[in-house]
$ cat coords_25.cif   # mmCIF, C-alpha atoms and all ligand atoms
data_structure
#
loop_
_atom_site.label_atom_id
_atom_site.label_comp_id
_atom_site.auth_asym_id
_atom_site.auth_seq_id
_atom_site.Cartn_x
_atom_site.Cartn_y
_atom_site.Cartn_z
CA MET A 18 49.16 -29.25 9.99
CA GLN A 19 49.41 -32.57 8.20
CA ALA A 20 50.34 -30.81 4.96
CA LEU A 21 52.99 -28.81 6.78
CA LEU A 22 54.52 -32.02 8.04
CA GLU A 23 54.41 -33.72 4.65
CA GLY A 24 57.89 -32.91 3.47
CA GLY A 25 57.47 -29.13 3.67
CA LYS A 26 55.39 -29.02 0.49
CA LEU A 27 53.96 -25.66 1.45
CA HIS A 28 57.18 -23.97 2.54
CA LYS A 29 57.95 -22.26 -0.76
CA TYR A 30 56.21 -19.24 -2.33
CA GLY A 31 52.94 -20.19 -3.99
CA PRO A 32 50.91 -18.46 -6.72
CA VAL A 33 50.18 -14.88 -5.57
CA GLN A 34 46.56 -15.23 -6.73
CA GLY A 35 46.18 -18.29 -4.50
CA ASP A 36 46.11 -22.06 -4.85
CA PRO A 37 44.29 -22.93 -8.12
CA GLU A 38 42.65 -25.97 -6.53
CA LEU A 39 41.20 -23.83 -3.73
CA ARG A 40 40.02 -21.24 -6.24
CA GLY A 41 38.31 -24.04 -8.15
CA ILE A 42 36.50 -25.15 -5.00
CA LEU A 43 35.37 -21.57 -4.32
CA SER A 44 34.16 -21.30 -7.90
CA GLN A 45 31.90 -24.31 -7.28
CA ILE A 46 30.70 -22.91 -3.94
CA MET A 47 29.74 -19.65 -5.66
CA SER A 48 27.78 -21.55 -8.31
CA GLN A 49 25.95 -23.57 -5.67
CA GLU A 50 25.28 -20.79 -3.21
CA ILE A 51 24.71 -17.66 -5.27
CA GLY A 52 24.04 -19.18 -8.64
CA VAL A 53 26.81 -17.44 -10.59
CA ARG A 54 29.66 -18.91 -12.56
CA TYR A 55 33.03 -17.37 -11.67
CA ASP A 56 36.04 -19.34 -12.92
CA ALA A 57 39.07 -19.97 -10.72
CA GLU A 58 40.74 -17.22 -12.79
CA ASP A 59 38.16 -14.70 -11.53
CA ILE A 60 38.96 -15.39 -7.88
CA ALA A 61 41.93 -14.35 -5.74
CA ILE A 62 42.81 -15.51 -2.23
CA THR A 63 43.55 -12.65 0.18
CA VAL A 64 44.93 -12.16 3.67
CA GLY A 65 41.58 -12.17 5.48
CA VAL A 66 38.40 -10.57 4.20
CA LYS A 67 39.83 -7.37 5.64
CA GLY A 68 42.90 -7.81 3.43
CA GLY A 69 40.53 -8.17 0.45
CA VAL A 70 38.65 -4.94 1.28
CA ASP A 71 41.89 -3.05 1.86
CA ILE A 72 43.57 -4.11 -1.36
CA LEU A 73 40.40 -3.59 -3.41
CA MET A 74 40.11 0.02 -2.25
CA LYS A 75 43.70 0.57 -3.39
CA VAL A 76 42.93 -1.00 -6.76
CA LEU A 77 39.61 0.76 -7.38
CA LEU A 78 40.10 4.26 -5.96
CA GLY A 79 42.28 7.06 -7.29
CA PRO A 80 43.59 9.73 -4.89
CA GLY A 81 40.73 11.96 -3.68
CA GLU A 82 38.01 9.76 -5.24
CA ASN A 83 34.86 9.14 -3.24
CA ALA A 84 33.68 5.80 -1.86
CA GLY A 85 30.04 5.51 -0.73
CA ILE A 86 29.60 3.52 2.45
CA ILE A 87 26.05 2.50 3.35
CA ALA A 88 25.41 3.25 7.05
CA PRO A 89 25.47 1.66 9.52
CA PHE A 90 28.72 0.12 8.30
CA TRP A 91 31.55 -2.13 9.38
CA VAL A 92 34.14 0.08 11.08
CA THR A 93 36.99 -0.83 8.73
CA TYR A 94 35.45 0.49 5.47
CA PRO A 95 36.16 4.21 6.06
CA GLU A 96 39.70 3.44 7.21
CA SER A 97 40.45 1.27 4.19
CA VAL A 98 39.15 4.07 1.94
CA ARG A 99 41.40 6.60 3.70
CA LEU A 100 44.39 4.25 3.47
CA ALA A 101 43.79 4.15 -0.29
CA HIS A 102 43.85 8.00 -0.32
CA GLY A 103 40.13 8.03 -1.11
CA VAL A 104 37.37 9.93 0.66
CA PRO A 105 34.64 8.05 2.58
CA CYS A 106 31.09 9.33 2.03
CA PHE A 107 28.46 8.01 4.42
CA LEU A 108 25.13 7.11 2.86
CA GLU A 109 22.14 7.08 5.17
CA SER A 110 19.71 4.19 5.44
CA ASP A 111 16.05 4.45 6.33
CA GLU A 112 14.61 4.22 9.87
CA ALA A 113 14.57 0.42 9.78
CA LEU A 114 18.30 0.57 8.88
CA ARG A 115 17.54 -0.69 5.36
CA PRO A 116 19.11 0.74 2.21
CA ASP A 117 17.02 3.52 0.73
CA PRO A 118 17.47 3.35 -3.07
CA ALA A 119 15.94 6.79 -3.81
CA ARG A 120 18.21 8.52 -1.31
CA LEU A 121 21.12 6.33 -2.40
CA ARG A 122 20.73 7.41 -6.03
CA LYS A 123 20.80 11.09 -5.03
CA GLU A 124 23.82 10.65 -2.78
CA VAL A 125 25.75 8.59 -5.32
CA GLU A 126 25.14 11.26 -7.94
CA GLY A 127 25.69 14.21 -5.62
CA ASN A 128 28.97 12.89 -4.25
CA ASN A 129 30.34 11.51 -7.49
CA ILE A 130 30.80 8.10 -5.87
CA ARG A 131 33.25 5.72 -7.63
CA VAL A 132 32.93 2.71 -5.32
CA LEU A 133 29.96 1.61 -3.22
CA VAL A 134 30.42 -0.81 -0.31
CA TYR A 135 28.05 -2.57 2.09
CA SER A 136 27.76 -5.81 4.05
CA SER A 137 24.69 -8.04 3.80
CA PRO A 138 23.94 -9.69 6.18
CA SER A 139 25.06 -6.51 7.88
CA ASN A 140 27.55 -5.94 10.60
CA PRO A 141 26.34 -4.17 12.76
CA SER A 142 22.57 -4.19 12.09
CA GLY A 143 21.81 -7.78 11.03
CA VAL A 144 19.80 -6.42 8.08
CA VAL A 145 19.78 -8.79 5.09
CA TYR A 146 19.20 -7.06 1.75
CA THR A 147 16.30 -8.42 -0.27
CA GLU A 148 16.50 -9.31 -3.96
CA ASP A 149 14.46 -6.20 -4.76
CA GLU A 150 16.81 -3.95 -2.80
CA LEU A 151 19.82 -5.52 -4.50
CA GLU A 152 18.23 -5.02 -7.90
CA GLU A 153 17.60 -1.37 -7.13
CA ILE A 154 21.18 -0.88 -5.95
CA ALA A 155 22.41 -2.73 -9.04
CA GLU A 156 20.43 -0.40 -11.28
CA ILE A 157 22.16 2.65 -9.76
CA VAL A 158 25.57 0.98 -10.02
CA LYS A 159 25.00 0.07 -13.68
CA GLU A 160 23.57 3.42 -14.61
CA LYS A 161 26.48 5.34 -13.05
CA ASP A 162 28.95 2.66 -14.14
CA ILE A 163 30.63 2.49 -10.75
CA TRP A 164 32.01 -0.41 -8.69
CA VAL A 165 30.12 -2.13 -5.91
CA ILE A 166 31.85 -4.25 -3.26
CA ALA A 167 29.49 -6.79 -1.66
CA ASP A 168 30.86 -8.02 1.66
CA GLU A 169 29.09 -11.34 2.24
CA VAL A 170 31.20 -12.67 5.08
CA TYR A 171 28.02 -13.40 7.12
CA ALA A 172 26.20 -15.17 4.25
CA GLY A 173 26.16 -18.43 6.24
CA PHE A 174 23.96 -16.83 8.88
CA VAL A 175 20.59 -15.85 7.49
CA PHE A 176 17.55 -16.45 9.71
CA GLY A 177 13.90 -17.37 9.40
CA GLY A 178 14.37 -19.79 6.51
CA ARG A 179 15.27 -16.86 4.20
CA LYS A 180 17.87 -17.26 1.50
CA HIS A 181 20.97 -15.16 1.15
CA SER A 182 20.97 -13.13 -2.09
CA SER A 183 23.97 -11.62 -3.78
CA ILE A 184 24.23 -8.60 -6.04
CA LEU A 185 26.62 -10.66 -8.18
CA SER A 186 23.66 -12.71 -9.35
CA VAL A 187 21.70 -9.69 -10.58
CA GLU A 188 21.74 -9.72 -14.37
CA GLY A 189 24.26 -7.40 -15.98
CA MET A 190 26.35 -6.90 -12.81
CA ARG A 191 29.37 -8.94 -13.87
CA GLY A 192 31.39 -5.94 -14.94
CA ASN A 193 30.71 -3.87 -11.83
CA ALA A 194 30.25 -6.14 -8.81
CA ILE A 195 32.98 -7.59 -6.62
CA LEU A 196 32.47 -10.13 -3.84
CA VAL A 197 34.54 -10.31 -0.66
CA ASP A 198 34.05 -13.34 1.55
CA GLY A 199 35.99 -15.90 3.54
CA PRO A 200 35.91 -18.58 6.22
CA SER A 201 36.33 -16.34 9.31
CA LYS A 202 32.67 -16.19 10.31
CA ARG A 203 31.31 -19.16 8.38
CA PHE A 204 33.57 -21.58 10.22
CA GLY A 205 34.36 -19.43 13.26
CA VAL A 206 38.07 -19.14 12.34
CA PRO A 207 38.98 -15.42 12.16
CA GLY A 208 42.49 -16.23 13.35
CA TRP A 209 43.25 -18.01 10.07
CA ARG A 210 43.55 -14.60 8.38
CA ILE A 211 42.38 -15.70 4.98
CA GLY A 212 39.62 -14.64 2.58
CA TYR A 213 38.83 -14.28 -1.11
CA VAL A 214 37.70 -11.81 -3.73
CA ALA A 215 35.73 -12.63 -6.89
CA GLY A 216 35.07 -10.16 -9.67
CA PRO A 217 35.97 -8.88 -13.13
CA ARG A 218 39.21 -10.37 -14.38
CA GLU A 219 40.97 -7.01 -14.76
CA VAL A 220 40.25 -6.23 -11.09
CA ILE A 221 41.52 -9.64 -9.97
CA GLY A 222 44.63 -9.13 -12.13
CA ALA A 223 45.39 -5.69 -10.64
CA LEU A 224 44.71 -6.98 -7.11
CA THR A 225 47.10 -9.88 -7.69
CA LYS A 226 49.85 -7.55 -8.93
CA LEU A 227 49.44 -5.33 -5.89
CA GLN A 228 49.31 -8.34 -3.58
CA GLY A 229 52.57 -9.55 -5.12
CA HIS A 230 54.28 -6.41 -3.85
CA THR A 231 52.59 -6.20 -0.46
CA ASN A 232 52.32 -9.69 1.01
CA SER A 233 53.19 -12.16 -1.81
CA GLY A 234 49.82 -13.86 -1.31
CA ALA A 235 48.03 -15.60 1.53
CA SER A 236 49.74 -18.18 3.74
CA ARG A 237 49.85 -21.57 2.00
CA PRO A 238 49.10 -23.72 5.07
CA GLU A 239 46.01 -21.54 5.65
CA GLN A 240 44.95 -22.06 2.05
CA CYS A 241 45.27 -25.77 2.65
CA ALA A 242 43.10 -25.48 5.79
CA MET A 243 40.57 -23.43 3.83
CA ARG A 244 40.36 -26.12 1.14
CA VAL A 245 39.61 -28.73 3.79
CA ALA A 246 36.99 -26.51 5.50
CA TYR A 247 35.07 -25.65 2.33
CA THR A 248 34.82 -29.31 1.32
CA SER A 249 34.03 -30.73 4.76
CA GLN A 250 30.54 -31.94 5.59
CA LYS A 251 31.34 -31.58 9.28
CA ALA A 252 32.30 -27.92 8.81
CA ARG A 253 29.07 -27.30 6.86
CA GLN A 254 27.11 -28.80 9.74
CA ALA A 255 29.04 -26.62 12.22
CA THR A 256 27.98 -23.50 10.28
CA ASN A 257 24.40 -24.69 10.39
CA ASP A 258 24.59 -25.28 14.14
CA MET A 259 26.06 -21.82 14.69
CA ARG A 260 23.32 -20.25 12.58
CA GLN A 261 20.64 -21.92 14.70
CA ARG A 262 22.27 -20.74 17.92
CA TYR A 263 22.69 -17.17 16.65
CA GLU A 264 19.07 -17.10 15.55
CA ARG A 265 17.84 -18.33 18.94
CA ASN A 266 20.06 -15.78 20.69
CA ALA A 267 18.84 -12.98 18.42
CA ASN A 268 15.18 -13.83 19.07
CA VAL A 269 15.55 -13.98 22.85
CA PHE A 270 17.89 -11.00 23.18
CA VAL A 271 16.04 -8.61 20.88
CA GLU A 272 12.63 -9.48 22.30
CA GLY A 273 14.02 -8.82 25.80
CA LEU A 274 15.70 -5.55 24.77
CA ASN A 275 12.46 -4.26 23.28
CA GLN A 276 10.80 -4.67 26.69
CA VAL A 277 13.28 -2.19 28.21
CA ASP A 278 11.98 1.37 28.39
CA GLY A 279 14.13 3.63 26.20
CA ILE A 280 15.61 0.84 24.04
CA SER A 281 14.30 -0.27 20.66
CA CYS A 282 15.89 -2.80 18.37
CA ILE A 283 15.12 -4.04 14.88
CA LYS A 284 15.02 -7.81 14.58
CA PRO A 285 18.23 -9.06 12.97
CA GLN A 286 17.63 -11.20 9.89
CA GLY A 287 21.18 -12.52 9.83
CA ALA A 288 24.81 -12.21 11.06
CA PHE A 289 25.26 -12.35 14.85
CA TYR A 290 24.69 -8.87 16.19
CA ALA A 291 21.94 -6.81 17.78
CA PHE A 292 22.07 -3.07 17.12
CA PRO A 293 19.52 -1.31 19.32
CA CYS A 294 18.75 2.40 19.36
CA ILE A 295 19.52 3.84 22.80
CA SER A 296 19.27 7.57 22.09
CA GLN A 297 16.13 7.88 24.24
CA LEU A 298 18.35 7.20 27.24
CA PHE A 299 20.63 10.13 26.47
CA GLY A 300 20.31 12.79 29.15
CA ARG A 301 19.89 10.21 31.95
CA GLU A 302 22.29 10.08 34.92
CA TYR A 303 23.66 7.35 37.16
CA GLU A 304 26.04 6.90 40.05
CA PHE A 305 29.03 4.59 40.15
CA ALA A 306 31.77 4.32 42.81
CA GLY A 307 30.65 7.56 44.43
CA LYS A 308 30.65 9.59 41.19
CA ARG A 309 27.75 10.80 39.04
CA TYR A 310 27.79 10.28 35.28
CA LEU A 311 25.63 11.71 32.50
CA ILE A 312 24.87 9.64 29.37
CA GLU A 313 25.18 11.83 26.29
CA THR A 314 26.75 9.54 23.67
CA SER A 315 26.97 5.86 22.72
CA VAL A 316 30.40 5.75 24.40
CA ASP A 317 28.79 6.96 27.65
CA PHE A 318 26.13 4.27 27.32
CA ARG A 319 28.79 1.60 26.64
CA ASN A 320 30.61 2.69 29.82
CA PHE A 321 27.35 2.65 31.78
CA LEU A 322 26.69 -0.96 30.76
CA LEU A 323 30.24 -2.01 31.58
CA ARG A 324 30.03 -0.41 35.02
CA LYS A 325 26.48 -1.25 36.02
CA ALA A 326 25.59 -4.39 34.05
CA GLN A 327 28.98 -6.03 33.35
CA VAL A 328 27.90 -6.26 29.71
CA ALA A 329 30.27 -5.29 26.89
CA GLY A 330 28.88 -3.62 23.77
CA VAL A 331 30.54 -1.53 21.09
CA GLU A 332 29.35 2.07 20.82
CA GLY A 333 27.46 2.95 17.62
CA ALA A 334 29.59 5.96 16.63
CA PRO A 335 32.30 4.06 14.68
CA PHE A 336 29.52 2.22 12.80
CA GLY A 337 28.20 5.62 11.72
CA MET A 338 25.27 5.87 14.17
CA ASP A 339 25.92 7.37 17.59
CA GLY A 340 22.42 6.73 18.95
CA TYR A 341 23.07 2.97 18.85
CA ILE A 342 25.15 0.24 20.46
CA ARG A 343 26.22 -3.13 19.02
CA PHE A 344 26.10 -6.39 20.93
CA SER A 345 27.61 -9.65 19.70
CA LEU A 346 25.32 -12.67 19.96
CA ALA A 347 28.09 -15.17 19.27
CA THR A 348 27.99 -16.51 22.80
CA SER A 349 26.13 -19.09 24.86
CA GLU A 350 22.40 -18.94 25.55
CA GLU A 351 23.22 -18.63 29.29
CA ASN A 352 25.35 -15.53 28.66
CA ILE A 353 22.55 -14.00 26.57
CA ALA A 354 20.01 -14.53 29.36
CA LYS A 355 22.36 -13.14 32.01
CA ALA A 356 23.29 -10.10 29.90
CA LEU A 357 19.64 -9.34 29.25
CA SER A 358 18.70 -9.56 32.91
CA ASN A 359 21.68 -7.33 33.89
CA ILE A 360 20.80 -4.73 31.24
CA LYS A 361 17.16 -4.65 32.39
CA ASP A 362 18.19 -4.14 36.04
CA ALA A 363 20.79 -1.49 35.20
CA VAL A 364 18.49 0.58 32.94
CA LYS A 365 15.74 0.55 35.63
CA GLU A 366 18.10 2.58 37.82
CA LEU A 367 18.54 5.35 35.25
N1 LIG B 401 33.65 -7.87 6.87
C1 LIG B 401 32.80 -7.67 7.87
C2 LIG B 401 31.45 -7.10 7.59
C3 LIG B 401 33.16 -8.01 9.19
O1 LIG B 401 32.32 -7.81 10.20
C4 LIG B 401 34.45 -8.54 9.44
C5 LIG B 401 34.91 -8.87 10.79
O2 LIG B 401 34.33 -8.55 11.79
C6 LIG B 401 35.29 -8.73 8.34
C7 LIG B 401 34.87 -8.38 7.07
C8 LIG B 401 36.69 -9.24 8.56
O3 LIG B 401 36.87 -10.52 8.20
P1 LIG B 401 38.32 -11.18 8.36
O4 LIG B 401 38.49 -11.49 9.82
O5 LIG B 401 38.29 -12.37 7.50
O6 LIG B 401 39.32 -10.18 7.90
#

$ encode --input "coords_25.cif" --output "structure tokens"
Amino acid sequence: MQALLEGGKLHKYGPVQGDPELRGILSQIMSQEIGVRYDAEDIAITVGVKGGVDILMKVLLGPGENAGIIAPFWVTYPESVRLAHGVPCFLESDEALRPDPARLRKEVEGNNIRVLVYSSPSNPSGVVYTEDELEEIAEIVKEKDIWVIADEVYAGFVFGGRKHSSILSVEGMRGNAILVDGPSKRFGVPGWRIGYVAGPREVIGALTKLQGHTNSGASRPEQCAMRVAYTSQKARQATNDMRQRYERNANVFVEGLNQVDGISCIKPQGAFYAFPCISQLFGREYEFAGKRYLIETSVDFRNFLLRKAQVAGVEGAPFGMDGYIRFSLATSEENIAKALSNIKDAVKEL
């Protein structure tokens, strides 16, 4: 705001790749947080993390080429692949919703995957990939010489004293790995619509060219706000406070859910979601406003919770797993307790 008022310094077009000073700050953050050296040149500012994913798919995929999306996945990945005229291929995880390198290798080979994408910490599951898992994924990526997009937008929220690990820091991945990240979750500012991409210089160059013809680069006042946020001690503390609250909410909510007959939930290790399996409740019936309903899908279960528990979840189907439902834990501890008690009461009636 202040910068906007200072003689309109930010009114004109800026560099399409983004403010060099901001890119320099992000370069330092990457060194500190994931232990890799990416110069300001290797980073581009995008219109949200979503804008980064979208434009990367257009840069990396040719028409009809396959992108491997590790399930469960963030709902936007398949759509961004389709918008780039690519073909989404869904790659199954194991029962604990963790990546399964042996299966992954087969599927990457079998489907002639060109680009692999995942989020860790994961939306929707809260799974955080371990260093070993990342190394195994990196080995497949290297061997097949394909691209991997690591969406680390929830990196600020890793629980249980664990450390966030990035595939960018696995040796030999520089030529194949691309990071997408941004301030939306870290500082709770998704409305800013700003993010960044770091990766091989030729990818950043192509992305910048494309960005020049689609949106001319991210908003300059937002880049200014981002610079302030990434250098602010207060903002860092706010992320830390949020992480503690999300972790407390995850512990209470998931423990409570696992006491409900027919619901089982893995413990999230990061992000701010719970993603329980509810398929055991399929086939159950309930009554609402004089009508009987049968639960056969995650959409039916979502509607059941809205009607009978006044709790909003997002059905698992668009995340690639219909037997599941996603709840956001980015709320107060009181809301978590109330939601849990309402869910318990509602499911008892099934
Ligand atoms: N990546 C993941 C995994 C997300 O869950 C989200 C938002 O929910 C985004 C990216 C989008 O971030 P942004 O709001 O910065 O576009």

$ residues_near_ligand --input "coords_25.cif" --ligand "ligand LIG 401 (chain B)" --cutoff "7 Å" --atoms "all atoms listed in the file" --output "VMD selection string"
chain A and resid 65 to 68 91 136 139 to 140 168 170 199 to 201 207 210 to 212

$ closest_atom_pairs --input "coords_25.cif" --of "stretch 38-149 of chain A" --to "stretch 184-193 of chain A" --cutoff "7 Å" --atoms "all atoms listed in the file" --output "Markdown table"
| residue | atom | partner | partner_atom | distance |
| --- | --- | --- | --- | --- |
| A:Ile51 | CA | A:Ser186 | CA | 6.5 |
| A:Gly52 | CA | A:Ser186 | CA | 6.5 |
| A:Val53 | CA | A:Ser186 | CA | 5.8 |

$ closest_residue --input "coords_25.cif" --among "A:Arg260, A:Arg120, A:Lys365, A:Arg54" --to "A:Glu302" --atoms "all atoms listed in the file"
A:Lys365

$ closest_residue --input "coords_25.cif" --among "A:Trp164, A:Glu152, A:Val33, A:Leu39" --to "A:Ala84" --atoms "only C-alpha atoms"
A:Trp164

$ closest_residue --input "coords_25.cif" --among "A:Gln327, A:Gln297, A:Ser182, A:Ser345" --to "A:Tyr263" --atoms "all atoms listed in the file"
A:Ser345

$ closest_residue --input "coords_25.cif" --among "A:Lys75, A:Lys202, A:Arg131, A:His102" --to "A:Asp162" --atoms "all atoms listed in the file"
A:Arg131

$ atom_distance --input "coords_25.cif" --atom1 "atom CA of A:Arg319" --atom2 "atom CA of A:Ile360"
11.2 Å
